[in-house]
Every structure is written in structure tokens, then in C-alpha cells.
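I have placed the structure first, in the form of C-alpha cells, so that the comments after it can refer back to it.
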Amino acid sequence: MLVVNNNETSTGVPNGRQYYYGSTDDQYRDNNPVSNNTTAAAEGGKDEIIISDEDGHHYHPASNIFLETIKKSVFYQNDTTTTRNDDDDEDDDEDDSSNNSSNNFITNISKIRVLSFLVILSFCTITLSSRLKSANNNNNNGDGGNLNTIITTLSQTTPSSSKSLIKDTPVFFKQFYQPLLENNIIPPPLSTTPPQTLSLPSLTRTSSSSLPSAYFSSLRSGAAKTGKPLPTNAWYQNLLLGDDAPLPTMNNRAYTIPYIVDFVGPVPGVRVHAPNLDMGGDLVVQMSFVERFGLTVGGVGGGVSAGYSLVEDDDVTFSPLGLKVQWGGSQKDRTQGMISPIIRGIPYTTMRYPNDPHRVTPVIISQIPITDPPLIDGRTNLTCDGVTSQTVSSDMELYFIESDFTWLVFVSRPVNVTCSSPSTVSETVVPFQIVVTDELDGGSGGEAFTLRAALGNNCTRGFNPEYCRRGRPADRSEYMSLLRRHADAYPYDTSVKYAYPDGINSDDEHKMVVKFDWGVRRMSDDYTGGGGGVVDEDFVKELLERREEELIMFALPHHVDILHRISDSSNEATGHCSSSLNGPVCIIKGGEWAMIEEVSPSSFTSDNGAVPEADMVEDLASAAREDIKYELPEYYMRGVGDTYFSGKMLAKLARIIGIADELNEISKRSITADVSDEEKETILACQSVELPSEEEIMNAVERLKAGIEVWFNGTAEARYLYDEIWGGLVNCGCWFNEWEKKCDNVFPSCPAFDDPGLDFGNGFYNDHHFHYGYHIYASAVAAHFDPAWGRRNFEYVLLYIRDIANPSPRDKYFPVFRHKDWYLGNSWASGIATVGGRPYLNGRNQESSSESIAAYEGVGLFGKVMEKAFVDDAKNRAVARHISNLGQLMTAMELRSADRYWHVYDHKHRVLPKQYKHNVVGIMWNTMAQFQTWFGAAPFLAYGIQLLPITTVSRRNNILEWCNEFYLDFASSCEKAPDCEAQGWSILQYAILATVGHKQLAYNKTLQLPSDVYDSAGGSGHSMTNSLYYISTLPSVPKPLPLTPQPPKPFDCNCPQTCTPTTLSTDANGFTCRQRIDWLTNHENAADDDACAAVADEFPDQCGGCDTATCNIAPPTPAPRGMTCDCPQTCFRTLANVADGHTCHDRIEWLVSAKGMDVVDACRQVGGMEFMEECGGCDPDRCVVSPAGEEEEEDDGACRPCSREVCRGDMNRCQVVSAPYLCVTGPNRGGCSVTPW
């Protein structure tokens, strides 16, 4: 397509700008000035037009949101486009030519077409200092180390080959996706229709409990005034909520993974914590930390205070991967104050101090004292007298004995600092602080400055029992070296992009790509050596070396599963992992990640093409004939009540309609030669029974349409409104009068905006995707049967989709992807509700992962249906295609995350500690996992809420391996509770019973359920028809789950002969061997074999029989007669001594036979190293030959073995090989020597 606009005529787009492909519907075009010149190019007999506005934005009316490219004739030139960020004055002098990316396409006519779409949710800005710009031509990434030090390292999850985890880039990705992902294309809005024109009155909130806080700064005035809808369910939402704003509290914190950050340190700034996993019995796992152990990176002076605010970017403020906050300064002047990016997966915390001549004074503060002098640049001690000024060129190493933490603090260029650690502290005097006093390059403050901090070691000397194994220090020297070398690059302007193909080929058409662009900046960008100071050539050389390294970030298990290398990033997995609430997080190199997600096409019926079993068709048909008559309660048909249960009932009717229609369709199939025997039998069965008539089905469709329409056509008593402040579709709320079946309130009285408990918190943006997902699913079915209805009501249904899944930052009415956490892959259900004016301490939460999955399934189905409905409307057909693909992608992401983080099963898959005994998470929070629900603690509730509703996608959610592990617990809980069946939860139990291989039994039990269970709280939304259909279309299972609980296998570390119950119950320094093994598996997530081996190694005398590696070795053969260990006069009597349960003779003998040691070496180990007091007479290096005839007891003056208490006490630090002799008395007490003292 030849592109022509007022600015130029070319085969591409103008240089030096960003280009966004957007909608050209009339309303959007009216609101965006376009150039008057357009050119049409004929392709396939259709006119295709690209319109350019005066800002260089391009709009493609024919495809609307799909960039139409051609495999052999599309070329992307200079595809790295950088956006200029005017927020920082240090960028103002940048040569504009650095932004001149051609970004051109040359397009010819071809029969091969790829329909692709790419979204950018925020933008990447990479700025380079003028003095070092040339050094960065090929390095937009950075590198770092491994943070296996933040929490106890999970050695069993550390890959043996660090590079083997990341898959190579497939050919189709390089050919089709990569060129698209490397161009900054923003999707247009799904619609630009103002909600107020769709029968939705506007609402301006007045209650302080539901208004945006001061943290939003000028954006708090609302979406209607600013054109920027506000996030309500983001993973970082706690940072933006609270009546205390702008003064933060401990509740204003965020789990960046693996750190937790808050803003309530002793000075304004970011306080970073290294949390650990805490078990609350076997029901709760929570991230916890000691508050005073945190390190604050902040500043004083320069107009900053404890109050902070959101940094407002010109284009996109809210990235799915993070946000930026600032202290001091103003939104119009970013050269003042200080700014910190709060980003998911970041190994460091970062604070930027813009180029303000009167800048904030950077400080680093700890709330615990320091004992060892800080180390500057790895070689010089820093004097902490509060007076002495010393130069730091690169980093400072800080060790705090109380926490046993070692922190590394990095500076972007040489500075002078002072350190103070007073002996007396108070509210105004902190135990430790470092102040950046001046700069070495002139001291004028003319350049920006950056501080970064990272935890280098959380077990420096073995003092912290939460992080240290067996009280031993951890060697993190390699990691700390990596941190020093790779601290230059940091994420800043983050974005998420996605792309999906259409028509590539049959193998790859269901692969979609999600790309994280971490928006890399570099600390070295701050350094120019200007200001008249001396340029340190060695420092510049080191700086240039650091710029060669890539960015490092933490990746979660589900990232690593699907991560592929791309051209601009190595995406190398370093093999260093740390634990988190979501499992091991592992360091990945690269400024960009590309994850390839396999999706399944949306379908109303079985997604594997299965048909109901013939033997079950008769009962299924009978249920369908009855259920097709289902009518919603009359009050719901008037729009009275809540949007959740009304939605479930609408979806219930929609599902019945779809199944009834499928049975009729099967009955009309012809039996041809290619029809399988199974399908043939089902066809004959459907032909032989009475099915719901077409008239009955269409009557049900009419009821369905009426039940849907009442909620958005303005006639509902509980009306939908447009929230002009936050930007969203909210329900007014209904004070339901149970007796009269009406709302006691009348609009504009809207109780939902004052009561976060009403309608499940709909007015506070709780559970919107749950509620609206049901309505969207029902609308998809209605439009499937009546495409004209779908076209008429397209904009109304889009209100639901725009509210929960708006893909475009250019939709000024709804935030982008309200619920979606793109880093974790799941959604968050909780919105803006607070407790006592403060956000919940554990952050966002979501209960039902399955309802979240079903919501996006509904989005995909509606898009698929409407793509067919708009067969003659290219613009809306393209919108519908986008909705369909988007729904499939978001469904796939939810499925993957639910299976990782809500489903708890098998050792290799599980992410929660083994001490969490259940197979599901009932409520997942940012920093806590609970086995319970909001409405009860019974196990069947926690399982059930992760299974409903039963739809086509349930087959992909209910993974057999998971179901096999939880079914018996689910069934036992349900069978013990009489209200389980009455409340409808048995419906789900029987669905899982069929899943694990007992279809006929589940089928029979389902038939016996009383009809009223489908009207109960748990059964609402289900139907007999849907239950039987789900069961009858499940595949058979070769090995059904045994329904009688199997006796547990005796625990013996795979050492049945030696790791006996007696051994396991043996006391080993205050705890039994079994308790020690269980502690390692529960708290350190160690594999059973590893835990057994570790305990046996630590306590060989008590627990040695449980060493899996050695327990099955044949028992030792007797040592040669006359064993003397080269100590004929002392060893013969020593051999009979007992050393921790075994004689010295037996111990030496075992080493010879089991370990293959030489006899003398075995004697040396037992007598000279392990049991010197009991077996020292057999140590060939220490025994003394007594002169003939002398008594052995006579003191011959030789150095005797020390007592066990001394040898294993704190005084003995001697190395056995190099200096084995310990001085036990006198001025040299505790000293070690190569010869006896």
C-alpha cells in the first residue's frame, strides 16, 4: 500500500516519530484531525486507505486494527524507534537525529497475507548522555547477577545448565512476529463511543472512601477531565490507595518480586525489604519481613517530604509492569525532587535525582546500626564519624550484624560521601546513614544522579536463622561480583506488547506472542565528566565495560516455560533462583522477553470435537427438554438485584441453549464412511430421542436477549452508570426488598458507591470480570443465534469488554486491562475498597481463578461470533477479530497462571512449600496464599470456587494430574458436610469425579441430585443439562483414580533396612531425624532424598541410616586382623571405645569397606578429625609409641587430642590440614599452629 499524507509522499511513514495504527470510525476521526490527502490502493478488488493525521498517526479504515503485511514483500527498516521523553531536562539536548528511525514498509501485492496485531501498553524511552552516546550504539540492555541470596536458595530448582532453560527462537517467530513486535504500534480503541451516549448516566463520586487519593496528583480529578482513566485493580494499587495520602503508611507497599517495597522509611524515599516465606499452620503461606531490616534509598532537602505522587507521562502513565513515583518537584518540572521506578521482577531498587542545581541530597539509611566499616569500591573502609568525606567511584558494601544482611549500593558516577553511625539514636537520629555530600565533576549539580541498592547476601555470617542453613554462612562472593559488574542497566519505561497471526500455517496459527520491553536506561547516562572537574579515565574505562552487559530481571516459572530468545536479548537463564510466594524466581538476561503462548480456538461446544456418549444421550436430551424452559426470576428480568447472580443465570440459560442446539445439529448429521463408530452411535442416539424443538430453542433465545438487554438499555431498576472519576462501568446498587422483590433505592441514590460489600463490591471495582464475564458469554450466545441482535447491541456489549479488557490507552473512558497482571499472568479481583481508609496489607487478591478464565473465554467467544456477524463490515469485523484473538490470549495466560499458582500438585510443579498441605489456593493475594474463601473455610468451598463455572474451557483448567491429587480431599469434605449438596457444590464434585475416570458413577450421581441444587448459591449458573453434557463428552481415562484412599507408603528415605522408625525417631540435638527432614522439605522446599541426605550428613551417628546415597551399600566387611593404624601401642585399646553409638573399630572399618578408603586414612579421619577424644589413639599423626615397659597412662609430653567440647566449641577455628593444633590456654588461647604448642 502506498502511503500518502500532507507531510510527504513516500513508501513509508515519516522519520523520527512514533506511529500508532488506529480506528477510523466516524467518532474517532472526528476527534482526531486528519490530513486531507488520502490515497487508496486496490487489493483484491477492495479499496484500502491509510489516513495520516497532522501528528503522524496513521489509520487504516479497512482493517481498523490489523496491520496487513506480506511475508515476502514487507520490510522493516531501522525498526528500533525511540520515543523522546521530555520529562527529564537531561534529555533536552539530545540530538533529535537519534530518533530518526525509518520504520518504513514497502508493500507489494501478494497472495500471502498475515494479519497481525500489536499492542504497546506504555512506551520505552532510552536516553543516552552525549559524551557516551557512541558507546551505546549496540547496547540497550544491561546485566546483573543472581539474587539467590534474597531468600533461602532452592538448590533443587537451580538448573544444571543455565542456558538450557530458554528455548531457541522458532523460525515462524523470526519471520512473522519479530518484525511486528519491533515496531511501536498501538491498538486503537475497540470503540470511541462515549458511554454516556449509550443510555448510561454519568456519576461523579462524592464519598471520600471511594475517591482517588492524593497519590494520583492531578489525575485524581478524574477520567472525564483528564482523559486518563485510572487503574483500580493493578498489582501496585496499594501504593495509590488510602485516606492518609499523601502521607504513606505500612499498608502502602508493593510486592515487586522478590522484594517488598514501601515508602515509610526514616526519610522520603523507597524502603526495600527482603521477605521470607512464613507458614501459618498448613492453611496460610505469607511473605513476611522484619521492618527495621529494610534499607531506605531516598533524600532530604530540595523540597521533598514523605508525601509522594504518581509520575504522569505524556502518553501512558500506567504500565502493566510498573509505575514511577516521585517526591518533590512537580508534574510540569521533572528536574526537581527524585523519582523511583517500581517495577516487577527488578533485582535492585533505583532512585534517580534529576539535574536540579538545588537538588535533593541523596541518602542511604538503615534503622539498625552497622558494626563493620562500610567498604568503598571493594578496597577502602569508609569512616563513619559523620565528618570525614570520602570518594566513592562505584559502590559501597554495607554489612549489618543484626540482620546478617550485606547490601550493595551503587552510584552512577564518582561522588563524595559522609557516613555516620552514632552510638545513641532517637526519633531524629538514625542508627546509620550515608549522605552524598558533593560531586567530583564540578559539584554544580548540573547532571542527573542515580543510586541503586541490592541485597548481596542475607546470610553473611550464618546468624540469621530465617535465611541460613544450619547456622552456616553463605558464600555470595560470585553473586556480589556480578552485581557490581552489572548494575549499570535498569528498567524504566516498561511496556507490554502482544502479537497474533492469522493464516501463517496450520501449525503456528494458534501461537500468540507476549513481549515485555523493560525500557532499559543506564546509570552511566548520568555521567559526562562535565562541570569543569577531573575526568577519571579508569572510571570511564570501567563504565564502558559495564555498558556491554545486559539487563537482568527475575522470571517466574510460567515465564521460563514459554520464554524464547529474541535478536536483541540473549534471554540467558543464569541458573540463579530465589524463592517467592509464586515459586522460584530466576535471573534472566536481556532487555526484552518474548513468550510464545499456545491458545485454543474459542468454542461453545467441546473443544476436542467430542460428542456425548450414546448411552448418555437419552438422559441428556430429557434434561435439555426440561431446562430449555428455564426462566430467570422475574425481578432479574426487571434489572432488580445484583449483576453477579443475574449474570450467572443468564450464562446458565445461554449454555442450555447451546447444548440443545448442538444435540439437534448432531441428530442431522449424515453417517458417512469417515464417521467414527462412537460418533455414529451418538448420531443414531440423538435421532432416536425427542430433543428440544427449534421453536423452543428460539423462544429461549428471546428470553435470553431480553434478560441481557434490560441491564444496559436504561430500564433496569439497578442501573449501570459511567464513573467519570475512575473511568468504568459500575452498577448503582440495589437495596433489595426480599418481600416485594424490588430495590428500595431509586437512582440517583446509589448505595454501591458507599458500601463496598453491596453487589460484591461492584461499585468499588471488585470482581468486575466475574460479573461481566457471565453477561458477555450470554451475549455471545444471543448474537450467535441472532446476528442482527449482535450488530444492534455491539456497542452495549463492548461496554462490558472495554471495562474489563480494554486493550488501548487511546480509549479515554476505560483503563487498559483493568484486572490483568501481565507479569503474573492472572487477574486481580479486588478493587479500590479499603479498611479503615487504608488498603489491605497483603495487597490485591483474587478468589476464583476459574471465573477469571471463564470471563476471558466469554470475550473470545463474543469476538468470534461477531466476526461472522460483520461479514460485510470490514471495520467492525476487524474489531471483532481483535476481540476474539485477545480473548483467546488472555484465557491462555489465565489458564497457565492458575495451574501454576492456584493449583497445588506434584513436587516438580508446586510452588508453595510442602507444609501447605492442600491442593488448591482458595484466595491468592499479592503476598499471601490462603486455603479458604470469603464465604467459608470448608475445604469443598476452596476447591469448588476454583472450578466454577463448567464451560468448554473447564477441560483445559481441570488438568487430570491436579484433579487426581485433590479429588479425594474434595469428596471427603463434601460428603462430611450436609450443606455441600444443598448448596450445590456436589455438582462440581461429580464433574471432577468424571474427570478422574469415573464417568458412569459421576453420571449416575448427577442424575440423583435434587433439582433445587441448581438454584442454590453454589449451584446457581449450573444446570442438569450442562452437568450431563460435560460428563458425557469427557475423554476416557486409562487408569481411573482409586476411590478408596491408599495406605500411605512408609517413609524411609528409600532406605527400608536402615532408615527404620527407630532411626527416624532418634534424637539429633533436640529434634528427631524425621522432624529435621520434614523441616527441610516444608521450609526449604527440599526434595525428600535431598533432605534425607542433608540430615544424615549433619547427624551421621543418629540419622546416618537415612542417607539415600549410601544406605543400600553392602554392610562393611571386617577389617584385617591386627588393625593398628600405625599406632600399635595406643590404638589396640582405643578400638573398643564407643563414639556416638559405634566403636572406633567399626567406624574405621566402615570407611574402608563402604567408602574405599585406605586403612591409615580411615584411622586419620576417625581418630584425628571426627572423634579425637574417643578414637584419638588411632590417629597415625598423633599417636606416640611408648618406650618398652612404660605404662600407657604416663604423660609423655605429647600433644593430646582435645576434648570433644573444646574441639567442637566456638574457640576451635583451626583447619585440620594446614594448622591442626589448637592452643587452649595462655595468651595465645584460640590460636592455631602447624606444630604442637
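Within each chain, counting starts at residue 1; across the C-alpha cells, chains are named A, B, ... in the order shown, with ligands numbered 1 upward in that order.
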message: Using DSSP assignments from the backbone, pull out every residue in segment 213-431 of chain A that falls under helix (DSSP H, G or I) and give it to me as a PyMOL selection string.
response: chain A and resi 214-221+223-226+237-240+291-293
File dump, residues just selected, N, CA, C and O atoms, as a short mmCIF file (atom, residue, chain, number, x, y, z; two decimals), in the first residue's frame:
data_model
loop_
_atom_site.label_atom_id
_atom_site.label_comp_id
_atom_site.auth_asym_id
_atom_site.auth_seq_id
_atom_site.Cartn_x
_atom_site.Cartn_y
_atom_site.Cartn_z
N ALA A 214 -4.57 11.35 47.00
CA ALA A 214 -3.65 12.41 46.56
C ALA A 214 -2.44 11.85 45.83
O ALA A 214 -1.73 12.59 45.15
N TYR A 215 -2.19 10.55 45.96
CA TYR A 215 -1.06 9.95 45.24
C TYR A 215 -1.21 10.08 43.74
O TYR A 215 -0.23 10.04 42.99
N PHE A 216 -2.46 10.22 43.27
CA PHE A 216 -2.71 10.36 41.84
C PHE A 216 -2.38 11.76 41.33
O PHE A 216 -2.46 12.00 40.12
N SER A 217 -2.09 12.67 42.24
CA SER A 217 -1.75 14.04 41.84
C SER A 217 -2.89 14.63 41.01
O SER A 217 -4.05 14.51 41.37
N SER A 218 -2.56 15.25 39.89
CA SER A 218 -3.59 15.94 39.11
C SER A 218 -4.59 14.98 38.47
O SER A 218 -5.69 15.38 38.10
N LEU A 219 -4.22 13.71 38.34
CA LEU A 219 -5.12 12.74 37.73
C LEU A 219 -6.33 12.43 38.61
O LEU A 219 -7.31 11.88 38.14
N ARG A 220 -6.25 12.78 39.88
CA ARG A 220 -7.34 12.44 40.78
C ARG A 220 -8.62 13.21 40.45
O ARG A 220 -9.69 12.87 40.94
N SER A 221 -8.51 14.23 39.62
CA SER A 221 -9.71 14.97 39.23
C SER A 221 -10.63 14.13 38.35
O SER A 221 -11.79 14.48 38.16
N ALA A 223 -11.26 10.80 35.17
CA ALA A 223 -11.09 10.47 33.76
C ALA A 223 -11.80 11.45 32.86
O ALA A 223 -11.32 11.78 31.77
N ALA A 224 -12.96 11.91 33.29
CA ALA A 224 -13.73 12.81 32.43
C ALA A 224 -12.98 14.12 32.17
O ALA A 224 -13.09 14.71 31.10
N LYS A 225 -12.21 14.58 33.14
CA LYS A 225 -11.50 15.85 32.99
C LYS A 225 -10.11 15.67 32.37
O LYS A 225 -9.65 16.53 31.63
N THR A 226 -9.44 14.58 32.69
CA THR A 226 -8.06 14.40 32.22
C THR A 226 -7.95 13.54 30.98
O THR A 226 -6.94 13.57 30.29
N GLN A 237 -1.62 -1.37 43.18
CA GLN A 237 -2.70 -0.47 43.60
C GLN A 237 -2.54 0.02 45.03
O GLN A 237 -2.95 1.13 45.36
N ASN A 238 -1.95 -0.79 45.91
CA ASN A 238 -1.77 -0.36 47.30
C ASN A 238 -0.97 0.93 47.42
O ASN A 238 -1.13 1.69 48.38
N LEU A 239 -0.10 1.18 46.47
CA LEU A 239 0.70 2.40 46.51
C LEU A 239 -0.15 3.63 46.21
O LEU A 239 0.29 4.76 46.45
N LEU A 240 -1.36 3.42 45.69
CA LEU A 240 -2.17 4.54 45.23
C LEU A 240 -3.46 4.71 46.01
O LEU A 240 -4.27 5.57 45.68
N GLU A 291 10.71 -5.24 59.77
CA GLU A 291 10.64 -3.89 59.21
C GLU A 291 11.96 -3.14 59.32
O GLU A 291 12.42 -2.50 58.37
N ARG A 292 12.61 -3.23 60.48
CA ARG A 292 13.81 -2.42 60.67
C ARG A 292 15.00 -2.93 59.86
O ARG A 292 16.02 -2.25 59.74
N PHE A 293 14.89 -4.14 59.29
CA PHE A 293 15.97 -4.67 58.48
C PHE A 293 15.99 -4.06 57.07
O PHE A 293 16.91 -4.30 56.31
#
- prompt: Among segment 791-1007 of chain A, which residues carry a DSSP assignment of strand (DSSP E or B), reported as an MDAnalysis selection string?
  reply: chainID A and resid 820 827 835 838 845:846 903 920 923:925 928:930 933 936
task: Find the spatial neighbours of segment 607-610 of chain A, counting only C-alpha atoms, within a cut-off of 10 Å - ignore same-chain residues fewer than 3 positions away - and output them as a PyMOL selection string.
output: chain A and resi 600-604+613+678-679+952-953+955-956+1032-1035
Do a neighbour search on Cys963 of chain A at 10 Å with only C-alpha atoms, toss out local chain neighbours closer than 2 positions, and write the hits as a tab-separated table (two decimals) with N, CA and C atoms, in the first residue's frame.
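Heads up, here's the output in out.tsv:
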chain	number	residue	atom	x	y	z
A	903	HIS	N	-3.36	-23.97	41.56
A	903	HIS	CA	-3.39	-25.43	41.62
A	903	HIS	C	-2.09	-25.90	42.28
A	905	TYR	N	0.04	-29.11	43.17
A	905	TYR	CA	0.19	-30.56	42.99
A	905	TYR	C	1.60	-30.90	42.51
A	919	ASN	N	-4.35	-28.92	48.08
A	919	ASN	CA	-4.05	-28.94	46.65
A	919	ASN	C	-4.61	-27.76	45.88
A	957	ASN	N	-8.77	-26.34	32.15
A	957	ASN	CA	-8.44	-25.91	33.51
A	957	ASN	C	-8.33	-27.11	34.46
A	958	ASN	N	-9.20	-28.09	34.29
A	958	ASN	CA	-9.24	-29.24	35.20
A	958	ASN	C	-8.25	-30.30	34.74
A	959	ILE	N	-6.98	-30.01	34.91
A	959	ILE	CA	-5.91	-30.91	34.47
A	959	ILE	C	-5.96	-32.20	35.29
A	960	LEU	N	-5.85	-33.33	34.59
A	960	LEU	CA	-6.04	-34.62	35.23
A	960	LEU	C	-5.11	-34.83	36.41
A	961	GLU	N	-3.84	-34.49	36.26
A	961	GLU	CA	-2.89	-34.71	37.35
A	961	GLU	C	-3.29	-33.95	38.61
A	965	GLU	N	-4.97	-35.47	42.41
A	965	GLU	CA	-4.41	-35.20	43.73
A	965	GLU	C	-5.43	-34.60	44.70
A	966	PHE	N	-6.38	-33.83	44.20
A	966	PHE	CA	-7.27	-33.15	45.15
A	966	PHE	C	-8.64	-33.82	45.29
A	967	TYR	N	-9.01	-34.72	44.37
A	967	TYR	CA	-10.39	-35.19	44.38
A	967	TYR	C	-10.78	-35.82	45.71
A	968	LEU	N	-9.98	-36.70	46.26
A	968	LEU	CA	-10.37	-37.41	47.47
A	968	LEU	C	-10.59	-36.45	48.63
A	970	PHE	N	-11.46	-33.26	48.33
A	970	PHE	CA	-12.68	-32.55	47.95
A	970	PHE	C	-13.91	-33.40	48.29
A	992	ILE	N	-15.64	-33.46	38.67
A	992	ILE	CA	-14.26	-33.89	38.84
A	992	ILE	C	-14.18	-35.41	38.99
A	993	LEU	N	-15.19	-36.03	39.58
A	993	LEU	CA	-15.23	-37.48	39.66
A	993	LEU	C	-15.18	-38.07	38.25
A	995	THR	N	-13.91	-36.52	35.66
A	995	THR	CA	-12.61	-36.15	35.10
A	995	THR	C	-11.53	-37.17	35.46
A	996	VAL	N	-11.58	-37.70	36.69
A	996	VAL	CA	-10.54	-38.64	37.14
A	996	VAL	C	-10.83	-40.07	36.71
A	1041	LEU	N	-8.70	-42.93	38.88
A	1041	LEU	CA	-8.21	-42.72	40.25
A	1041	LEU	C	-8.88	-43.71	41.20
- prompt: Any idea what's packed within 7 Å of Met928 of chain A, counting only C-alpha atoms, ignoring anything in its chain fewer than 6 positions away? Could you give it as a ChimeraX atom specification?
  reply: /A:285-287,842
Who sits within 8 Å of segment 1063-1066 of chain A, only C-alpha atoms, same chain under 6 positions skipped, as a VMD selection string: chain A and resid 1072 to 1074 1102 to 1103 1105 to 1106
Residues within 9 Å of Asp1090 of chain A, only C-alpha atoms, excluding chain neighbours under 5 positions, as a PDB file with C-alpha atoms, in the first residue's frame:
ATOM      1  CA  GLN A 156      16.962 -28.298  43.599  1.00  0.00           C
ATOM      2  CA  ILE A1077      13.908 -33.991  57.404  1.00  0.00           C
ATOM      3  CA  LEU A1080      13.865 -29.100  55.199  1.00  0.00           C
ATOM      4  CA  THR A1081      11.082 -30.298  52.914  1.00  0.00           C
ATOM      5  CA  VAL A1095      20.206 -34.619  57.759  1.00  0.00           C
ATOM      6  CA  ASP A1107      21.294 -41.355  53.664  1.00  0.00           C
ATOM      7  CA  THR A1108      19.758 -42.417  50.372  1.00  0.00           C
TER       8      THR A1108
END
query: At what distance in Å, to one decimal, does atom CA of Lys1005 of chain A lie from atom CA of Ala685 of chain A?
result: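 Computing the Euclidean distance for atom CA of Ala685 of chain A and atom CA of Lys1005 of chain A yields 21.9 Å.
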Proximity check segment 787-871 of chain A to segment 490-504 of chain A, 12 Å, nearest pairs one decimal Å, only C-alpha atoms, as a tab-separated table:
residue	atom	partner	partner_atom	distance
A:Pro807	CA	A:Tyr498	CA	10.3
A:Ser808	CA	A:Lys497	CA	11.3
A:Pro809	CA	A:Ser495	CA	11.9
A:Val816	CA	A:Val496	CA	11.4
A:Phe817	CA	A:Val496	CA	11.4
A:Lys820	CA	A:Val496	CA	11.7
A:Asp821	CA	A:Val496	CA	10.9
A:Trp822	CA	A:Val496	CA	7.8
A:Tyr823	CA	A:Val496	CA	9.4
message: So the first atom is atom CA of Gly1176 of chain A and the second is atom CA of Ala1068 of chain A; what is the distance between them in Å, to one decimal place?
response: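 We find that atom CA of Gly1176 of chain A and atom CA of Ala1068 of chain A lie 23.5 Å from each other.
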- prompt: Rounded to one decimal in Å, what is the spacing between atom CA of Leu482 of chain A and atom CA of Trp518 of chain A?
  reply: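 We find that atom CA of Leu482 of chain A and atom CA of Trp518 of chain A lie 19.9 Å from each other.
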